[in-house]
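Input: a single structure, listed below in structure tokens.
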Amino acid sequence: MTVLDRRLNAFREDLADKRLEGRVEAPAFVAGRAAHVRQPVLDMRRRPSLEAGIDTQLLSGQDVLVFDEDEGFAWVQSRTDGYVGYVGSNGLADGPSKAGHIVSAPRTFVYPLPDLKTVPTSVLSMGSSVEIVGLEERRGTNYALLPSGEAIIAGHVRPAEENAADYVAVAEQLIHTPYLWGGASAFGIDCSGLVQLSMRMAGRQVLRDSDMQAQTIGMTIDPQRETLRRGDLVFWKGHVAIVTDPETIIHANGHTMTVALEPLAEAVSRIGYLYGQPTGFRRP
């Protein structure tokens, strides 16, 4: 049998995705059931336990396939990037999402009705998908209405098919966002999560982890032969940063514990002391 990456393929000793039949060994195969995320952020873990670390996160409105549920956990695969793991079952709703819009502001409040003076019921991250059923203007503020009767600021969402022109500018919107291992939202994010979310907002879906990104995004470049330019990616073992100009990067990092700008030369020196030199450069 071909060795498949368990992060991107749903198979375990007792059960596997029916689409993998003939490619992996398992006593039972099952077709995934459609569901979508119904809470602002849903943690995904490698094991069905709250003691397991966060591998990644799913955002409100994202679609998943559910292969199994047991004791409050669902074993799922994200239909956005293919990532497989365990999430809390209560964070899912049955069926595919009907969302046609996406949150484009770093964060936006959900109000119980179209009135910014009311107490918000929740808050959504950039990249969340929402279903808009109408628009309403009140006291000069435009609101987008949700099926629940709740409302968000209309200027904080856009049609899902519209894309940002510059993914680096999206990343720059997230400066000062706290660093979170496994984080994939504007509430907390890690290095590869920043790359993935920023590129997704610009209409490009890439894989989740930095090792995956180092193998699949764009083409390899040699900074000794050509000048780095805005949008290029710098990879270290277990880390990735985005080039904003030939001398500067932006990255979610454990040094500042935020999304931050940093001179590239300083980052190479600082990171190299503990983790070695860059392993590669790629141009999306």
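Starting from 1 in every chain, residues are counted up; chains themselves are A, B, ... following the order of the structure tokens, and ligands are numbered from 1 as listed.
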
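Using only C-alpha atoms, the protein and nucleic acid residues lying no more than 10 Å from A:Thr177, apart from those fewer than 5 places from it along its own chain, are Pro106, Ser185, Ala186, Phe187, Gly188, Ile189, Asp190, Leu194, Ala252, Met257, Thr258, Val259 and Ala260 of chain A.
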
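Every protein or nucleic acid residue with an atom no more than 7 Å from A:Val234, counting only C-alpha atoms and leaving out same-chain residues fewer than 4 positions away, appears here: Val240, Ala241, Ile242, Pro278, Gly280, Phe281 and Arg282 of chain A.
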
As a ChimeraX atom specification, please: all residues of stretch 24-161 of chain A that backbone DSSP puts in strand (DSSP E or B).
/A:24,29-30,33-37,41-45,54-59,63-70,73-78,84-88,92-94,101-103,107-111,122-125,129-130,134-138,141-145,151-153,157-159

Skip A:Leu233 itself and residues of its chain fewer than 6 positions away, then list as a PyMOL selection string all residues within 12 Å of it, counting only C-alpha atoms.
chain A and resi 167-168+191-192+194-196+199+210+213-223+239-246+248-251+264+278-284

Quick one: contact table of stretch 92-113 of chain A to stretch 169-173 of chain A, 12 Å max, nearest atom pair and distance in Å to one decimal per residue, counting only C-alpha atoms, chain and number order, as a Markdown table?
| residue | atom | partner | partner_atom | distance |
| --- | --- | --- | --- | --- |
| A:Ser104 | CA | A:Val170 | CA | 9.0 |
| A:Ala105 | CA | A:Gln173 | CA | 8.4 |
| A:Pro106 | CA | A:Gln173 | CA | 6.8 |
| A:Arg107 | CA | A:Gln173 | CA | 10.4 |

Could the residues in this selection be written to a file with all heavy atoms, as a PDB file, in the first residue's frame?
ATOM      1  N   SER A 104     -14.016  39.768   5.771  1.00  0.00           N
ATOM      2  CA  SER A 104     -12.777  40.304   5.210  1.00  0.00           C
ATOM      3  C   SER A 104     -12.045  41.218   6.176  1.00  0.00           C
ATOM      4  O   SER A 104     -10.862  41.525   5.967  1.00  0.00           O
ATOM      5  CB  SER A 104     -13.068  41.057   3.909  1.00  0.00           C
ATOM      6  OG  SER A 104     -14.075  42.040   4.102  1.00  0.00           O
ATOM      7  N   ALA A 105     -12.714  41.691   7.220  1.00  0.00           N
ATOM      8  CA  ALA A 105     -12.038  42.457   8.269  1.00  0.00           C
ATOM      9  C   ALA A 105     -11.313  41.470   9.184  1.00  0.00           C
ATOM     10  O   ALA A 105     -11.688  40.299   9.252  1.00  0.00           O
ATOM     11  CB  ALA A 105     -13.053  43.261   9.073  1.00  0.00           C
ATOM     12  N   PRO A 106     -10.266  41.912   9.883  1.00  0.00           N
ATOM     13  CA  PRO A 106      -9.578  40.974  10.786  1.00  0.00           C
ATOM     14  C   PRO A 106     -10.535  40.287  11.763  1.00  0.00           C
ATOM     15  O   PRO A 106     -10.455  39.078  11.979  1.00  0.00           O
ATOM     16  CB  PRO A 106      -8.564  41.852  11.502  1.00  0.00           C
ATOM     17  CG  PRO A 106      -8.251  42.928  10.506  1.00  0.00           C
ATOM     18  CD  PRO A 106      -9.561  43.205   9.820  1.00  0.00           C
ATOM     19  N   ARG A 107     -11.456  41.051  12.338  1.00  0.00           N
ATOM     20  CA  ARG A 107     -12.465  40.515  13.253  1.00  0.00           C
ATOM     21  C   ARG A 107     -13.721  41.359  13.123  1.00  0.00           C
ATOM     22  O   ARG A 107     -13.642  42.546  12.815  1.00  0.00           O
ATOM     23  CB  ARG A 107     -11.971  40.573  14.707  1.00  0.00           C
ATOM     24  CG  ARG A 107     -10.800  39.633  15.005  1.00  0.00           C
ATOM     25  CD  ARG A 107     -10.011  40.075  16.218  1.00  0.00           C
ATOM     26  NE  ARG A 107      -9.293  41.323  15.969  1.00  0.00           N
ATOM     27  CZ  ARG A 107      -8.089  41.409  15.387  1.00  0.00           C
ATOM     28  NH1 ARG A 107      -7.471  40.311  15.010  1.00  0.00           N
ATOM     29  NH2 ARG A 107      -7.508  42.574  15.189  1.00  0.00           N
TER      30      ARG A 107
END

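Of the residues listed (A:Ser269, A:Ser129, A:Gln277, A:Gln205), A:Ser129 shows the shortest atom-to-atom separation from A:Gly100; distances use only C-alpha atoms.
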
Within 9 Å of A:Glu150, counting only C-alpha atoms, which residues show up once you throw out same-chain ones fewer than 3 positions away? Write them as a VMD selection string, please.
chain A and resid 110 to 114 121 144 to 147

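Atom CA of A:Leu8 is positioned 9.0 Å from atom CA of A:Ser78.
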
With only C-alpha atoms counted and 10 Å as the cut-off, give the residues of stretch 157-232 of chain A in contact with stretch 80-98 of chain A, each with its shortest interatomic distance in Å and the pair that gives it, as a Markdown table.
| residue | atom | partner | partner_atom | distance |
| --- | --- | --- | --- | --- |
| A:Gln196 | CA | A:Asp81 | CA | 9.3 |
| A:Arg200 | CA | A:Thr80 | CA | 9.6 |
| A:Gln205 | CA | A:Asp81 | CA | 7.1 |
| A:Val206 | CA | A:Asp81 | CA | 7.0 |
| A:Leu207 | CA | A:Asp81 | CA | 5.8 |
| A:Arg208 | CA | A:Asp81 | CA | 6.9 |
| A:Asp209 | CA | A:Tyr83 | CA | 9.6 |

Write the residues of the selection above to a file with C-alpha atoms, as a short mmCIF file (atom, residue, chain, number, x, y, z; two decimals), in the first residue's frame.
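Heads up, here's the output in result_12.cif:
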data_model
loop_
_atom_site.label_atom_id
_atom_site.label_comp_id
_atom_site.auth_asym_id
_atom_site.auth_seq_id
_atom_site.Cartn_x
_atom_site.Cartn_y
_atom_site.Cartn_z
CA GLN A 196 -2.68 29.95 4.53
CA ARG A 200 -7.01 32.09 0.96
CA GLN A 205 -5.91 27.70 -1.33
CA VAL A 206 -2.68 26.20 0.03
CA LEU A 207 -1.95 23.37 2.43
CA ARG A 208 -1.83 23.93 6.17
CA ASP A 209 1.58 23.04 7.62
#

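Between atom CA of A:Met44 and atom CA of A:Pro27 there is a distance of 24.9 Å.
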
Please give the complete set of residues from stretch 51-210 of chain A that DSSP, run on the backbone, assigns to alpha helix (DSSP H), formatted as a PyMOL selection string.
chain A and resi 167-173+191-201+210

Go ahead and dump the residues you just picked, N, CA and C atoms, as a short mmCIF file (atom, residue, chain, number, x, y, z; two decimals), in the first residue's frame.
data_model
loop_
_atom_site.label_atom_id
_atom_site.label_comp_id
_atom_site.auth_asym_id
_atom_site.auth_seq_id
_atom_site.Cartn_x
_atom_site.Cartn_y
_atom_site.Cartn_z
N TYR A 167 -1.95 39.26 -1.23
CA TYR A 167 -2.06 38.46 -0.01
C TYR A 167 -1.15 38.98 1.09
N VAL A 168 -0.06 39.64 0.73
CA VAL A 168 0.83 40.20 1.76
C VAL A 168 0.12 41.32 2.52
N ALA A 169 -0.66 42.12 1.81
CA ALA A 169 -1.43 43.18 2.48
C ALA A 169 -2.42 42.59 3.46
N VAL A 170 -2.97 41.42 3.15
CA VAL A 170 -3.86 40.74 4.10
C VAL A 170 -3.08 40.36 5.35
N ALA A 171 -1.90 39.78 5.17
CA ALA A 171 -1.07 39.42 6.32
C ALA A 171 -0.73 40.64 7.16
N GLU A 172 -0.50 41.77 6.51
CA GLU A 172 -0.17 43.00 7.24
C GLU A 172 -1.34 43.50 8.07
N GLN A 173 -2.57 43.17 7.66
CA GLN A 173 -3.73 43.52 8.47
C GLN A 173 -3.71 42.79 9.82
N CYS A 191 2.68 30.43 12.19
CA CYS A 191 3.36 30.91 10.98
C CYS A 191 2.71 30.41 9.70
N SER A 192 2.44 29.12 9.61
CA SER A 192 1.85 28.58 8.39
C SER A 192 0.37 28.94 8.30
N GLY A 193 -0.28 29.12 9.46
CA GLY A 193 -1.66 29.59 9.45
C GLY A 193 -1.78 30.97 8.85
N LEU A 194 -0.80 31.84 9.13
CA LEU A 194 -0.79 33.18 8.56
C LEU A 194 -0.67 33.12 7.04
N VAL A 195 0.22 32.28 6.54
CA VAL A 195 0.38 32.12 5.10
C VAL A 195 -0.91 31.60 4.49
N GLN A 196 -1.48 30.56 5.09
CA GLN A 196 -2.68 29.95 4.53
C GLN A 196 -3.87 30.90 4.52
N LEU A 197 -4.14 31.56 5.65
CA LEU A 197 -5.29 32.46 5.72
C LEU A 197 -5.12 33.63 4.76
N SER A 198 -3.94 34.21 4.72
CA SER A 198 -3.71 35.36 3.85
C SER A 198 -3.88 34.99 2.38
N MET A 199 -3.33 33.84 2.00
CA MET A 199 -3.48 33.41 0.61
C MET A 199 -4.91 33.04 0.29
N ARG A 200 -5.61 32.43 1.23
CA ARG A 200 -7.01 32.09 0.96
C ARG A 200 -7.85 33.33 0.72
N MET A 201 -7.56 34.41 1.45
CA MET A 201 -8.30 35.66 1.24
C MET A 201 -8.01 36.27 -0.12
N SER A 210 3.78 24.05 7.50
CA SER A 210 4.91 24.66 6.79
C SER A 210 5.68 23.66 5.93
#

For the interface of stretch 101-204 of chain A with stretch 54-57 of chain A (cut-off 6 Å, counting only C-alpha atoms), please tabulate each contacting residue of stretch 101-204 of chain A alongside its nearest pair of atoms and their separation in Å to one decimal, rows sorted by chain and increasing number, as a tab-separated table.
residue	atom	partner	partner_atom	distance
A:Gly182	CA	A:Thr56	CA	4.4
A:Gly183	CA	A:Thr56	CA	5.8
A:Ala184	CA	A:Gln57	CA	5.4

Expected file: the selected residues, N, CA, C and O atoms, as a JSON list (two decimals), in the first residue's frame:
[["chain", "number", "residue", "atom", "x", "y", "z"],
["A", 182, "GLY", "N", -0.83, 26.16, 16.27],
["A", 182, "GLY", "CA", -2.01, 25.55, 15.67],
["A", 182, "GLY", "C", -3.10, 26.55, 15.32],
["A", 182, "GLY", "O", -4.11, 26.18, 14.73],
["A", 183, "GLY", "N", -2.90, 27.82, 15.67],
["A", 183, "GLY", "CA", -3.91, 28.83, 15.42],
["A", 183, "GLY", "C", -4.07, 29.14, 13.94],
["A", 183, "GLY", "O", -3.08, 29.17, 13.19],
["A", 184, "ALA", "N", -5.31, 29.38, 13.54],
["A", 184, "ALA", "CA", -5.59, 29.65, 12.13],
["A", 184, "ALA", "C", -6.58, 30.79, 11.96],
["A", 184, "ALA", "O", -7.23, 30.91, 10.92]]

Measure the distance from atom CA of A:Leu135 to atom CA of A:Leu59 in Å and round it to one decimal.
23.1 Å

Min atom-atom distance to A:Val123 from the set A:Ala267, A:Val41, A:Tyr143, A:Met212, counting only C-alpha atoms, belongs to A:Val41
